[in-house]
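Heads up, query09.pdb below (PDB, C-alpha atoms):
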ATOM      1  CA  MET A 238      88.555 111.301 116.614
ATOM      2  CA  ALA A 239      90.714 114.091 118.053
ATOM      3  CA  LYS A 240      94.428 113.745 117.397
ATOM      4  CA  LYS A 241      97.639 115.282 118.637
ATOM      5  CA  ILE A 242      99.189 117.044 115.644
ATOM      6  CA  LEU A 243     102.643 118.624 115.538
ATOM      7  CA  PHE A 244     102.906 121.263 112.823
ATOM      8  CA  ILE A 245     106.459 122.067 111.717
ATOM      9  CA  ASN A 246     106.119 125.231 109.664
ATOM     10  CA  GLN A 247     108.615 127.183 107.673
ATOM     11  CA  GLU A 248     106.417 130.218 108.223
ATOM     12  CA  ILE A 249     103.048 131.224 109.601
ATOM     13  CA  VAL A 250     100.851 134.319 109.575
ATOM     14  CA  PRO A 251     101.153 136.883 111.181
ATOM     15  CA  TYR A 252     104.900 136.381 111.700
ATOM     16  CA  VAL A 253     105.343 136.024 107.949
ATOM     17  CA  PRO A 254     102.398 138.109 106.675
ATOM     18  CA  ASP A 255     102.518 136.949 103.043
ATOM     19  CA  SER A 256     103.053 133.274 103.809
ATOM     20  CA  GLU A 257     102.030 130.893 101.020
ATOM     21  CA  LEU A 258     101.469 128.243 103.718
ATOM     22  CA  SER A 259      98.209 129.919 104.693
ATOM     23  CA  LEU A 260      95.110 128.573 103.003
ATOM     24  CA  MET A 261      91.936 130.601 102.521
ATOM     25  CA  GLY A 262      93.396 133.228 104.834
ATOM     26  CA  LYS A 263      93.860 130.670 107.628
ATOM     27  CA  ALA A 264      96.917 128.731 108.688
ATOM     28  CA  LEU A 265      96.390 124.966 108.782
ATOM     29  CA  PRO A 266      97.114 124.729 112.541
ATOM     30  CA  GLN A 267      94.253 127.146 113.156
ATOM     31  CA  VAL A 268      91.853 125.053 111.093
ATOM     32  CA  MET A 269      92.801 121.848 112.896
ATOM     33  CA  GLN A 270      92.577 123.473 116.300
ATOM     34  CA  GLU A 271      89.079 124.671 115.431
ATOM     35  CA  ASN A 272      88.279 121.070 114.449
ATOM     36  CA  GLY A 273      89.041 119.926 117.992
ATOM     37  CA  HIS A 274      92.565 118.550 117.617
ATOM     38  CA  GLU A 275      95.331 119.179 120.151
ATOM     39  CA  ILE A 276      98.157 120.916 118.322
ATOM     40  CA  ARG A 277     101.687 122.211 118.780
ATOM     41  CA  THR A 278     103.186 124.591 116.228
ATOM     42  CA  PHE A 279     106.858 125.363 115.527
ATOM     43  CA  MET A 280     108.650 127.703 113.132
ATOM     44  CA  PRO A 281     112.088 129.358 112.881
ATOM     45  CA  LYS A 282     112.578 132.720 114.612
ATOM     46  CA  TRP A 283     113.525 134.601 111.440
ATOM     47  CA  GLY A 284     115.417 137.844 111.922
ATOM     48  CA  THR A 285     112.560 139.689 110.216
ATOM     49  CA  ILE A 286     110.231 138.916 113.146
ATOM     50  CA  ASN A 287     109.822 141.796 115.595
ATOM     51  CA  GLU A 288     110.001 140.135 119.012
ATOM     52  CA  ARG A 289     108.529 143.057 120.921
ATOM     53  CA  ARG A 290     105.592 143.505 118.560
ATOM     54  CA  GLY A 291     104.988 139.760 118.440
ATOM     55  CA  GLN A 292     105.417 139.459 122.227
ATOM     56  CA  LEU A 293     107.936 136.638 121.975
ATOM     57  CA  HIS A 294     109.694 135.542 125.128
ATOM     58  CA  GLU A 295     112.311 132.888 125.823
ATOM     59  CA  VAL A 296     111.322 129.637 127.524
ATOM     60  CA  ILE A 297     114.303 129.090 129.810
ATOM     61  CA  ARG A 298     113.389 125.528 130.774
ATOM     62  CA  LEU A 299     113.432 124.476 127.099
ATOM     63  CA  SER A 300     116.512 126.432 126.034
ATOM     64  CA  GLY A 301     120.158 125.763 126.793
ATOM     65  CA  MET A 302     120.939 122.672 124.715
ATOM     66  CA  ASN A 303     123.808 122.752 122.218
ATOM     67  CA  LEU A 304     123.361 120.991 118.880
ATOM     68  CA  ILE A 305     126.515 119.904 117.073
ATOM     69  CA  ILE A 306     126.370 120.483 113.320
ATOM     70  CA  ASP A 307     129.451 120.259 111.112
ATOM     71  CA  ASP A 308     131.576 119.756 114.258
ATOM     72  CA  THR A 309     130.431 123.069 115.711
ATOM     73  CA  ASP A 310     128.276 123.677 118.802
ATOM     74  CA  HIS A 311     125.203 125.807 118.172
ATOM     75  CA  PRO A 312     123.087 126.919 121.172
ATOM     76  CA  LEU A 313     119.375 126.140 120.900
ATOM     77  CA  ILE A 314     117.089 128.920 122.096
ATOM     78  CA  ILE A 315     113.333 128.379 122.377
ATOM     79  CA  LYS A 316     110.913 131.286 122.333
ATOM     80  CA  VAL A 317     107.138 131.310 122.423
ATOM     81  CA  ALA A 318     104.253 133.607 121.564
ATOM     82  CA  SER A 319     100.508 133.373 121.104
ATOM     83  CA  ILE A 320      98.524 134.562 118.117
ATOM     84  CA  ALA A 321      95.893 136.721 119.793
ATOM     85  CA  GLN A 322      93.118 136.190 117.249
ATOM     86  CA  THR A 323      93.322 132.387 117.305
ATOM     87  CA  ARG A 324      94.967 131.613 120.676
ATOM     88  CA  ILE A 325      97.464 129.419 118.857
ATOM     89  CA  GLN A 326     100.726 129.122 120.732
ATOM     90  CA  VAL A 327     103.775 129.155 118.471
ATOM     91  CA  TYR A 328     107.189 127.861 119.516
ATOM     92  CA  PHE A 329     110.152 129.492 117.769
ATOM     93  CA  ILE A 330     113.515 127.816 117.137
ATOM     94  CA  ASP A 331     116.201 130.458 117.514
ATOM     95  CA  ASN A 332     119.969 130.722 117.194
ATOM     96  CA  ASP A 333     122.140 133.753 116.520
ATOM     97  CA  ASP A 334     124.148 132.086 113.765
ATOM     98  CA  TYR A 335     121.246 130.606 111.828
ATOM     99  CA  PHE A 336     118.107 132.667 112.451
ATOM    100  CA  SER A 337     117.848 135.767 114.633
ATOM    101  CA  LYS A 338     120.403 137.762 112.622
ATOM    102  CA  ARG A 339     119.206 136.471 109.233
ATOM    103  CA  GLN A 340     116.303 136.826 106.859
ATOM    104  CA  MET A 341     114.486 133.726 105.611
ATOM    105  CA  THR A 342     115.792 131.857 102.551
ATOM    106  CA  VAL A 343     117.725 134.698 100.923
ATOM    107  CA  ASP A 344     120.020 137.486 102.124
ATOM    108  CA  GLU A 345     119.753 141.242 101.545
ATOM    109  CA  LYS A 346     121.051 140.751  97.989
ATOM    110  CA  GLY A 347     118.369 138.199  97.189
ATOM    111  CA  GLU A 348     120.798 135.263  97.165
ATOM    112  CA  ASP A 349     120.203 131.961  98.960
ATOM    113  CA  TYR A 350     122.203 131.595 102.162
ATOM    114  CA  SER A 351     125.071 129.182 101.552
ATOM    115  CA  ASP A 352     124.318 127.284 104.770
ATOM    116  CA  ASN A 353     120.564 126.814 104.246
ATOM    117  CA  GLY A 354     121.078 123.064 104.549
ATOM    118  CA  GLU A 355     122.680 123.375 107.990
ATOM    119  CA  ARG A 356     119.926 125.775 109.034
ATOM    120  CA  ALA A 357     117.307 123.179 108.088
ATOM    121  CA  ILE A 358     119.158 120.489 110.033
ATOM    122  CA  PHE A 359     119.399 122.687 113.125
ATOM    123  CA  PHE A 360     115.713 123.555 112.876
ATOM    124  CA  ALA A 361     114.630 119.910 112.525
ATOM    125  CA  ARG A 362     116.688 118.673 115.447
ATOM    126  CA  GLY A 363     115.728 121.693 117.532
ATOM    127  CA  VAL A 364     112.025 120.991 117.087
ATOM    128  CA  LEU A 365     112.312 117.285 117.866
ATOM    129  CA  GLU A 366     114.477 117.811 120.946
ATOM    130  CA  THR A 367     112.026 120.411 122.238
ATOM    131  CA  VAL A 368     109.015 118.144 121.729
ATOM    132  CA  LYS A 369     110.835 115.481 123.755
ATOM    133  CA  LYS A 370     111.320 117.987 126.576
ATOM    134  CA  LEU A 371     107.631 118.864 126.445
ATOM    135  CA  ARG A 372     106.856 115.150 126.984
ATOM    136  CA  TRP A 373     104.187 115.423 124.334
ATOM    137  CA  VAL A 374     103.474 112.485 122.013
ATOM    138  CA  PRO A 375     102.062 113.495 118.611
ATOM    139  CA  ASP A 376      99.945 111.157 116.519
ATOM    140  CA  ILE A 377     100.902 113.100 113.389
ATOM    141  CA  ILE A 378     103.815 115.310 112.437
ATOM    142  CA  HIS A 379     102.853 117.570 109.536
ATOM    143  CA  VAL A 380     105.799 119.243 107.810
ATOM    144  CA  GLN A 381     105.151 122.404 105.790
ATOM    145  CA  GLY A 382     107.965 124.044 103.847
ATOM    146  CA  TRP A 383     111.470 123.023 102.784
ATOM    147  CA  MET A 384     112.961 124.146 106.116
ATOM    148  CA  GLY A 385     111.438 121.060 107.752
ATOM    149  CA  ALA A 386     112.309 118.632 104.960
ATOM    150  CA  VAL A 387     114.843 116.589 106.961
ATOM    151  CA  VAL A 388     112.342 115.936 109.779
ATOM    152  CA  PRO A 389     110.860 112.776 108.144
ATOM    153  CA  LEU A 390     114.353 111.271 107.796
ATOM    154  CA  TYR A 391     115.149 111.922 111.445
ATOM    155  CA  ILE A 392     111.804 110.569 112.682
ATOM    156  CA  LYS A 393     112.271 107.299 110.801
ATOM    157  CA  THR A 394     115.953 106.861 111.740
ATOM    158  CA  ALA A 395     117.621 108.910 114.497
ATOM    159  CA  TYR A 396     114.461 109.290 116.612
ATOM    160  CA  HIS A 397     112.589 106.110 115.722
ATOM    161  CA  GLU A 398     113.049 104.593 119.192
ATOM    162  CA  GLU A 399     112.191 107.752 121.119
ATOM    163  CA  PRO A 400     108.908 107.253 123.062
ATOM    164  CA  SER A 401     107.650 110.609 121.794
ATOM    165  CA  PHE A 402     107.814 109.492 118.155
ATOM    166  CA  ALA A 403     107.707 105.682 118.127
ATOM    167  CA  ASN A 404     104.187 105.528 116.666
ATOM    168  CA  THR A 405     104.023 108.916 114.971
ATOM    169  CA  LYS A 406     102.943 109.244 111.342
ATOM    170  CA  VAL A 407     104.695 111.849 109.179
ATOM    171  CA  ILE A 408     102.950 113.878 106.484
ATOM    172  CA  THR A 409     104.726 116.304 104.152
ATOM    173  CA  SER A 410     102.974 119.115 102.313
ATOM    174  CA  LEU A 411     104.401 120.150  98.949
ATOM    175  CA  PHE A 412     104.559 123.838  98.059
ATOM    176  CA  PRO A 413     106.073 125.730  95.100
ATOM    177  CA  ARG A 414     109.837 126.022  94.766
ATOM    178  CA  SER A 415     111.480 128.252  97.339
ATOM    179  CA  LEU A 416     115.185 127.444  96.915
ATOM    180  CA  ASN A 417     117.068 128.819  93.943
ATOM    181  CA  SER A 418     120.487 127.271  94.487
ATOM    182  CA  VAL A 419     121.920 123.959  95.674
ATOM    183  CA  LEU A 420     122.745 123.294  99.304
ATOM    184  CA  SER A 421     126.364 123.278 100.442
ATOM    185  CA  ALA A 422     128.590 120.396  99.366
ATOM    186  CA  ASN A 423     128.845 119.075 102.937
ATOM    187  CA  PHE A 424     125.074 118.796 103.460
ATOM    188  CA  LYS A 425     125.067 114.981 103.444
ATOM    189  CA  GLN A 426     127.790 114.901 106.097
ATOM    190  CA  CYS A 427     126.121 117.568 108.251
ATOM    191  CA  ILE A 428     122.880 115.602 108.337
ATOM    192  CA  GLU A 429     124.496 112.673 110.157
ATOM    193  CA  PHE A 430     123.064 112.057 113.623
ATOM    194  CA  ARG A 431     122.672 108.689 115.342
ATOM    195  CA  GLU A 432     121.182 106.293 112.759
ATOM    196  CA  ALA A 433     120.740 109.042 110.190
ATOM    197  CA  LYS A 434     123.903 108.246 108.245
ATOM    198  CA  ALA A 435     125.197 109.980 105.152
ATOM    199  CA  ASP A 436     125.074 106.606 103.369
ATOM    200  CA  LEU A 437     121.278 106.825 103.383
ATOM    201  CA  LEU A 438     121.583 109.773 101.008
ATOM    202  CA  LYS A 439     123.639 107.976  98.354
ATOM    203  CA  LYS A 440     120.601 107.626  96.090
ATOM    204  CA  TYR A 441     120.248 111.405  95.788
ATOM    205  CA  ASN A 442     122.284 113.701  93.579
ATOM    206  CA  ASP A 443     125.398 115.242  95.089
ATOM    207  CA  SER A 444     124.017 118.620  94.039
ATOM    208  CA  PHE A 445     121.307 118.735  96.664
ATOM    209  CA  ASP A 446     118.748 121.196  95.330
ATOM    210  CA  PHE A 447     115.079 121.884  96.099
ATOM    211  CA  GLU A 448     113.908 118.796  94.194
ATOM    212  CA  GLU A 449     116.363 116.444  95.896
ATOM    213  CA  LEU A 450     115.337 117.851  99.269
ATOM    214  CA  GLY A 451     111.709 117.195  98.356
ATOM    215  CA  LYS A 452     112.491 113.602  97.393
ATOM    216  CA  LEU A 453     114.225 113.081 100.740
ATOM    217  CA  ALA A 454     111.154 114.306 102.607
ATOM    218  CA  ILE A 455     108.819 112.155 100.502
ATOM    219  CA  ASP A 456     110.858 108.967 100.921
ATOM    220  CA  TYR A 457     110.554 109.078 104.714
ATOM    221  CA  SER A 458     106.959 110.316 104.918
ATOM    222  CA  ASP A 459     103.823 108.237 105.447
ATOM    223  CA  GLY A 460     101.772 110.577 103.282
ATOM    224  CA  VAL A 461     102.152 113.573 100.973
ATOM    225  CA  ILE A 462      99.772 116.468 100.349
ATOM    226  CA  ALA A 463      99.704 118.716  97.298
ATOM    227  CA  ALA A 464      99.038 121.887  99.289
ATOM    228  CA  HIS A 465      99.163 124.330  96.383
ATOM    229  CA  LYS A 466      97.937 124.295  92.809
ATOM    230  CA  ASP A 467     101.401 125.218  91.490
ATOM    231  CA  ILE A 468     103.585 122.607  93.176
ATOM    232  CA  ASN A 469     106.462 120.787  91.518
ATOM    233  CA  GLU A 470     104.758 118.135  89.368
ATOM    234  CA  ASP A 471     107.906 115.996  89.288
ATOM    235  CA  LEU A 472     107.800 115.657  93.083
ATOM    236  CA  LEU A 473     104.127 114.726  93.028
ATOM    237  CA  LYS A 474     104.824 112.103  90.376
ATOM    238  CA  TYR A 475     107.795 110.852  92.431
ATOM    239  CA  ALA A 476     105.571 110.280  95.462
ATOM    240  CA  LYS A 477     102.944 108.406  93.465
ATOM    241  CA  THR A 478     105.544 106.302  91.645
ATOM    242  CA  ASN A 479     106.973 105.250  95.009
ATOM    243  CA  ASN A 480     103.528 104.310  96.318
ATOM    244  CA  ILE A 481     103.390 107.015  98.958
ATOM    245  CA  PRO A 482      99.748 107.911  99.741
ATOM    246  CA  VAL A 483      98.995 111.282  98.139
ATOM    247  CA  LEU A 484      96.245 113.832  98.645
ATOM    248  CA  ASP A 485      95.925 115.796  95.421
ATOM    249  CA  TYR A 486      95.313 119.521  95.741
ATOM    250  CA  PRO A 487      91.825 119.710  97.288
ATOM    251  CA  GLY A 488      91.141 123.333  96.406
ATOM    252  CA  GLU A 489      89.848 125.916  98.825
ATOM    253  CA  GLU A 490      87.615 123.513 100.764
ATOM    254  CA  PHE A 491      90.579 121.695 102.238
ATOM    255  CA  GLY A 492      89.475 121.071 105.844
ATOM    256  CA  SER A 493      87.452 117.898 105.382
ATOM    257  CA  ALA A 494      89.900 116.526 102.798
ATOM    258  CA  TYR A 495      92.796 116.918 105.244
ATOM    259  CA  GLU A 496      90.779 115.278 108.020
ATOM    260  CA  THR A 497      90.003 112.281 105.828
ATOM    261  CA  PHE A 498      93.643 111.980 104.781
ATOM    262  CA  TYR A 499      94.842 112.158 108.392
ATOM    263  CA  ASN A 500      92.484 109.310 109.307
ATOM    264  CA  GLN A 501      93.646 107.277 106.316
ATOM    265  CA  ILE A 502      97.316 107.639 107.222
ATOM    266  CA  CYS A 503      96.763 106.865 110.902
ATOM    267  CA  LYS A 504      95.012 103.594 110.015
ATOM    268  CA  GLU A 505      97.856 102.320 107.852
TER     269      GLU A 505
END

Translate the structure of the given file into structure tokens.
Amino acid sequence: MAKKILFINQEIVPYVPDSELSLMGKALPQVMQENGHEIRTFMPKWGTINERRGQLHEVIRLSGMNLIIDDTDHPLIIKVASIAQTRIQVYFIDNDDYFSKRQMTVDEKGEDYSDNGERAIFFARGVLETVKKLRWVPDIIHVQGWMGAVVPLYIKTAYHEEPSFANTKVITSLFPRSLNSVLSANFKQCIEFREAKADLLKKYNDSFDFEELGKLAIDYSDGVIAAHKDINEDLLKYAKTNNIPVLDYPGEEFGSAYETFYNQICKE
């Protein structure tokens, strides 16, 4: 049965040519679109993306909102482009402070950005607010990459009564480590929004690193996928110990395995 699937990607080919989130040379959204599902795809507008070459343009009707993070207003800019070979439309979350003037996880010196946590929060809220404006109701939200790791928390708390997400299932894919340092000390406070209170994060270490971020995503997901053969085994064990449905790495023939897992999660 065809589903509406929202893919929240940290990266996607061709905008990040060497993306590890592509499987068998294809991005997951492409595979699911070819399987007949209705999809929407989001990613950050990294500063390394050439807007002219990628033919990105701003969507005025979706832009213009300010998101308050750490008591500071940050304008939300939405851009869009289509991947010519696949006809997949990609929505980009943009902001001068967090994305368009920055590289991805690390700066020019190869060091993690100190505000990566705030960037992830802005990205998550930006995606969810934009989907609301689109008046599109996904059956599944599939999060790929640490940049979307706070989305499951927000879906199950701050946005749980929104009509767009009231019955949505959340799936998180696990990939290899991509953060080298801990997030800023104020990450737990910055994440607060509506019912998403800092108190909900008491169970996690104060030093919020890649593994803690993964645990947060797992705890608020309806299912977890081992999307790479070299993922963090501790996170996979954490999901299974907490009785979260898990799809073990299916290898290169992943299409049918993902379909079966989607159906399993939607029935629960």

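Once the PyMOL selection byres ((chain A and resi 385) around 7) is applied to the shown structure, the selection contains Ile245, Gln247, Ala357, Ala361, Val380, Gln381, Gly382, Trp383, Met384, Ala386, Val387 and Val388 of chain A.
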
Residues within 6 Å of Ile378 of chain A, only C-alpha atoms, excluding chain neighbours under 6 positions, as a PyMOL selection string
chain A and resi 242-243+407

Picked residues, the PyMOL selection byres ((chain A and resi 264) around 12), expected as an MDAnalysis selection string:
chainID A and resid 244 246:263 265:271 278 320 322:323 325 327 381 464 491:492

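Residues matched by the PyMOL selection byres ((chain A and resi 453) around 8) in this file: Ala386, Val387, Leu390, Tyr441, Glu449, Leu450, Gly451, Lys452, Ala454, Ile455, Asp456 and Tyr457 of chain A.
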
So which residues touch Pro400 of chain A within 10 Å, counting all atoms listed in the file, skipping near sequence neighbours fewer than 3 positions away, as a PDB file with C-alpha atoms, in the coordinates of the input?
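Wrote around24.pdb, looks like this:
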ATOM      1  CA  LYS A 369     110.835 115.481 123.755  1.00  0.00           C
ATOM      2  CA  ARG A 372     106.856 115.150 126.984  1.00  0.00           C
ATOM      3  CA  TRP A 373     104.187 115.423 124.334  1.00  0.00           C
ATOM      4  CA  VAL A 374     103.474 112.485 122.013  1.00  0.00           C
ATOM      5  CA  TYR A 396     114.461 109.290 116.612  1.00  0.00           C
ATOM      6  CA  HIS A 397     112.589 106.110 115.722  1.00  0.00           C
ATOM      7  CA  ALA A 403     107.707 105.682 118.127  1.00  0.00           C
ATOM      8  CA  ASN A 404     104.187 105.528 116.666  1.00  0.00           C
ATOM      9  CA  THR A 405     104.023 108.916 114.971  1.00  0.00           C
TER      10      THR A 405
END

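Between atom CA of Ile286 of chain A and atom CA of Gly347 of chain A the interatomic distance comes to 17.9 Å.
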
Given all atoms listed in the file as the basis, pick out the residue of A:Arg298, A:His379, A:Lys406, A:Lys240 nearest to Ile502 of chain A.
A:Lys406

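Atom CA of Asp443 of chain A is positioned 23.1 Å from atom CA of Ile468 of chain A.
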
Which residues of segment 412-431 of chain A have any atom within 10 Å of an atom in segment 305-310 of chain A when counting all atoms listed in the file, and what is the closest pair of atoms for each, with the distance in Å to one decimal? Order the rows by chain and rising number and write it as a Markdown table.
| residue | atom | partner | partner_atom | distance |
| --- | --- | --- | --- | --- |
| A:Asn423 | CA | A:Asp307 | CA | 8.3 |
| A:Phe424 | CA | A:Asp307 | CA | 8.9 |
| A:Gln426 | CA | A:Asp307 | CA | 7.5 |
| A:Cys427 | CA | A:Asp307 | CA | 5.1 |
| A:Ile428 | CA | A:Ile306 | CA | 7.8 |
| A:Glu429 | CA | A:Ile306 | CA | 8.6 |
| A:Phe430 | CA | A:Ile306 | CA | 9.1 |

Selected residue, from A:Leu293, A:Ile330, A:Ile481, A:Met238, that lies nearest to Met280 of chain A when counting all atoms listed in the file
A:Ile330

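Interatomic distance, atom CA of Gly291 of chain A to atom CA of Thr367 of chain A: 20.9 Å.
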
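Nearest residue to Leu420 of chain A among A:Gly284, A:Ala318, A:Gln340, A:Asp352 is A:Asp352, counting all atoms listed in the file.
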
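When all atoms listed in the file are used to measure the gap to Ile408 of chain A, the shortest distance among A:Tyr495, A:Phe279, A:Phe445, A:Tyr486 belongs to A:Tyr495.
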
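Distances to Phe498 of chain A were evaluated for A:Glu355, A:Glu295, A:Asp459, A:Glu399 using all atoms listed in the file, and the minimum falls at A:Asp459.
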
Skipping near chain neighbours, those fewer than 6 positions away, what residues fall within 9 Å of Asn303 of chain A using only C-alpha atoms, listed as number ranges by chain?
A: 310-313

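Taking all atoms listed in the file into account, Gly363 of chain A lies nearest to A:Leu299 out of the set A:Leu299, A:Ala422, A:Glu345, A:Asp446.
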
Final all heavy atoms of segment 263-272 of chain A as an mmCIF file, in the coordinates of the input:
data_model
loop_
_atom_site.group_PDB
_atom_site.id
_atom_site.type_symbol
_atom_site.label_atom_id
_atom_site.label_comp_id
_atom_site.auth_asym_id
_atom_site.auth_seq_id
_atom_site.Cartn_x
_atom_site.Cartn_y
_atom_site.Cartn_z
ATOM 1 N N LYS A 263 93.632 131.314 106.339
ATOM 2 C CA LYS A 263 93.860 130.670 107.628
ATOM 3 C C LYS A 263 95.063 129.742 107.534
ATOM 4 O O LYS A 263 95.268 129.069 106.531
ATOM 5 C CB LYS A 263 92.641 129.840 108.054
ATOM 6 C CG LYS A 263 91.438 130.640 108.501
ATOM 7 C CD LYS A 263 90.365 129.695 109.014
ATOM 8 C CE LYS A 263 89.157 130.451 109.539
ATOM 9 N NZ LYS A 263 88.124 129.511 110.054
ATOM 10 N N ALA A 264 95.841 129.712 108.620
ATOM 11 C CA ALA A 264 96.917 128.731 108.688
ATOM 12 C C ALA A 264 96.308 127.377 109.044
ATOM 13 O O ALA A 264 95.319 127.292 109.784
ATOM 14 C CB ALA A 264 97.942 129.147 109.729
ATOM 15 N N LEU A 265 96.902 126.311 108.526
ATOM 16 C CA LEU A 265 96.390 124.966 108.782
ATOM 17 C C LEU A 265 96.279 124.644 110.272
ATOM 18 O O LEU A 265 95.281 124.041 110.698
ATOM 19 C CB LEU A 265 97.271 123.940 108.060
ATOM 20 C CG LEU A 265 96.869 122.483 108.204
ATOM 21 C CD1 LEU A 265 95.457 122.239 107.691
ATOM 22 C CD2 LEU A 265 97.857 121.585 107.465
ATOM 23 N N PRO A 266 97.280 125.007 111.105
ATOM 24 C CA PRO A 266 97.114 124.729 112.541
ATOM 25 C C PRO A 266 95.839 125.328 113.126
ATOM 26 O O PRO A 266 95.188 124.705 113.970
ATOM 27 C CB PRO A 266 98.372 125.367 113.156
ATOM 28 C CG PRO A 266 99.383 125.317 112.072
ATOM 29 C CD PRO A 266 98.605 125.574 110.807
ATOM 30 N N GLN A 267 95.475 126.519 112.670
ATOM 31 C CA GLN A 267 94.253 127.146 113.156
ATOM 32 C C GLN A 267 93.030 126.315 112.794
ATOM 33 O O GLN A 267 92.137 126.083 113.618
ATOM 34 C CB GLN A 267 94.109 128.554 112.577
ATOM 35 C CG GLN A 267 92.807 129.245 112.975
ATOM 36 C CD GLN A 267 92.624 130.585 112.281
ATOM 37 O OE1 GLN A 267 93.555 131.129 111.703
ATOM 38 N NE2 GLN A 267 91.415 131.118 112.330
ATOM 39 N N VAL A 268 92.991 125.851 111.544
ATOM 40 C CA VAL A 268 91.853 125.053 111.093
ATOM 41 C C VAL A 268 91.729 123.780 111.925
ATOM 42 O O VAL A 268 90.632 123.403 112.367
ATOM 43 C CB VAL A 268 92.002 124.708 109.599
ATOM 44 C CG1 VAL A 268 90.885 123.763 109.147
ATOM 45 C CG2 VAL A 268 91.988 125.978 108.757
ATOM 46 N N MET A 269 92.846 123.105 112.161
ATOM 47 C CA MET A 269 92.801 121.848 112.896
ATOM 48 C C MET A 269 92.499 122.056 114.374
ATOM 49 O O MET A 269 91.855 121.217 115.007
ATOM 50 C CB MET A 269 94.121 121.090 112.699
ATOM 51 C CG MET A 269 94.283 120.581 111.278
ATOM 52 S SD MET A 269 92.875 119.536 110.794
ATOM 53 C CE MET A 269 92.862 119.776 109.011
ATOM 54 N N GLN A 270 92.933 123.162 114.917
ATOM 55 C CA GLN A 270 92.577 123.473 116.300
ATOM 56 C C GLN A 270 91.075 123.712 116.414
ATOM 57 O O GLN A 270 90.427 123.244 117.358
ATOM 58 C CB GLN A 270 93.346 124.706 116.784
ATOM 59 C CG GLN A 270 93.037 125.089 118.231
ATOM 60 C CD GLN A 270 93.971 126.163 118.754
ATOM 61 O OE1 GLN A 270 95.028 125.855 119.300
ATOM 62 N NE2 GLN A 270 93.597 127.413 118.591
ATOM 63 N N GLU A 271 90.526 124.422 115.442
ATOM 64 C CA GLU A 271 89.079 124.671 115.431
ATOM 65 C C GLU A 271 88.293 123.372 115.252
ATOM 66 O O GLU A 271 87.145 123.271 115.697
ATOM 67 C CB GLU A 271 88.729 125.646 114.307
ATOM 68 C CG GLU A 271 89.236 127.070 114.552
ATOM 69 C CD GLU A 271 89.024 127.983 113.363
ATOM 70 O OE1 GLU A 271 88.602 127.482 112.295
ATOM 71 O OE2 GLU A 271 89.286 129.194 113.482
ATOM 72 N N ASN A 272 88.926 122.369 114.641
ATOM 73 C CA ASN A 272 88.279 121.070 114.449
ATOM 74 C C ASN A 272 88.393 120.163 115.669
ATOM 75 O O ASN A 272 87.965 119.007 115.635
ATOM 76 C CB ASN A 272 88.862 120.353 113.232
ATOM 77 C CG ASN A 272 88.405 120.974 111.927
ATOM 78 O OD1 ASN A 272 87.580 121.883 111.914
ATOM 79 N ND2 ASN A 272 88.946 120.486 110.818
#
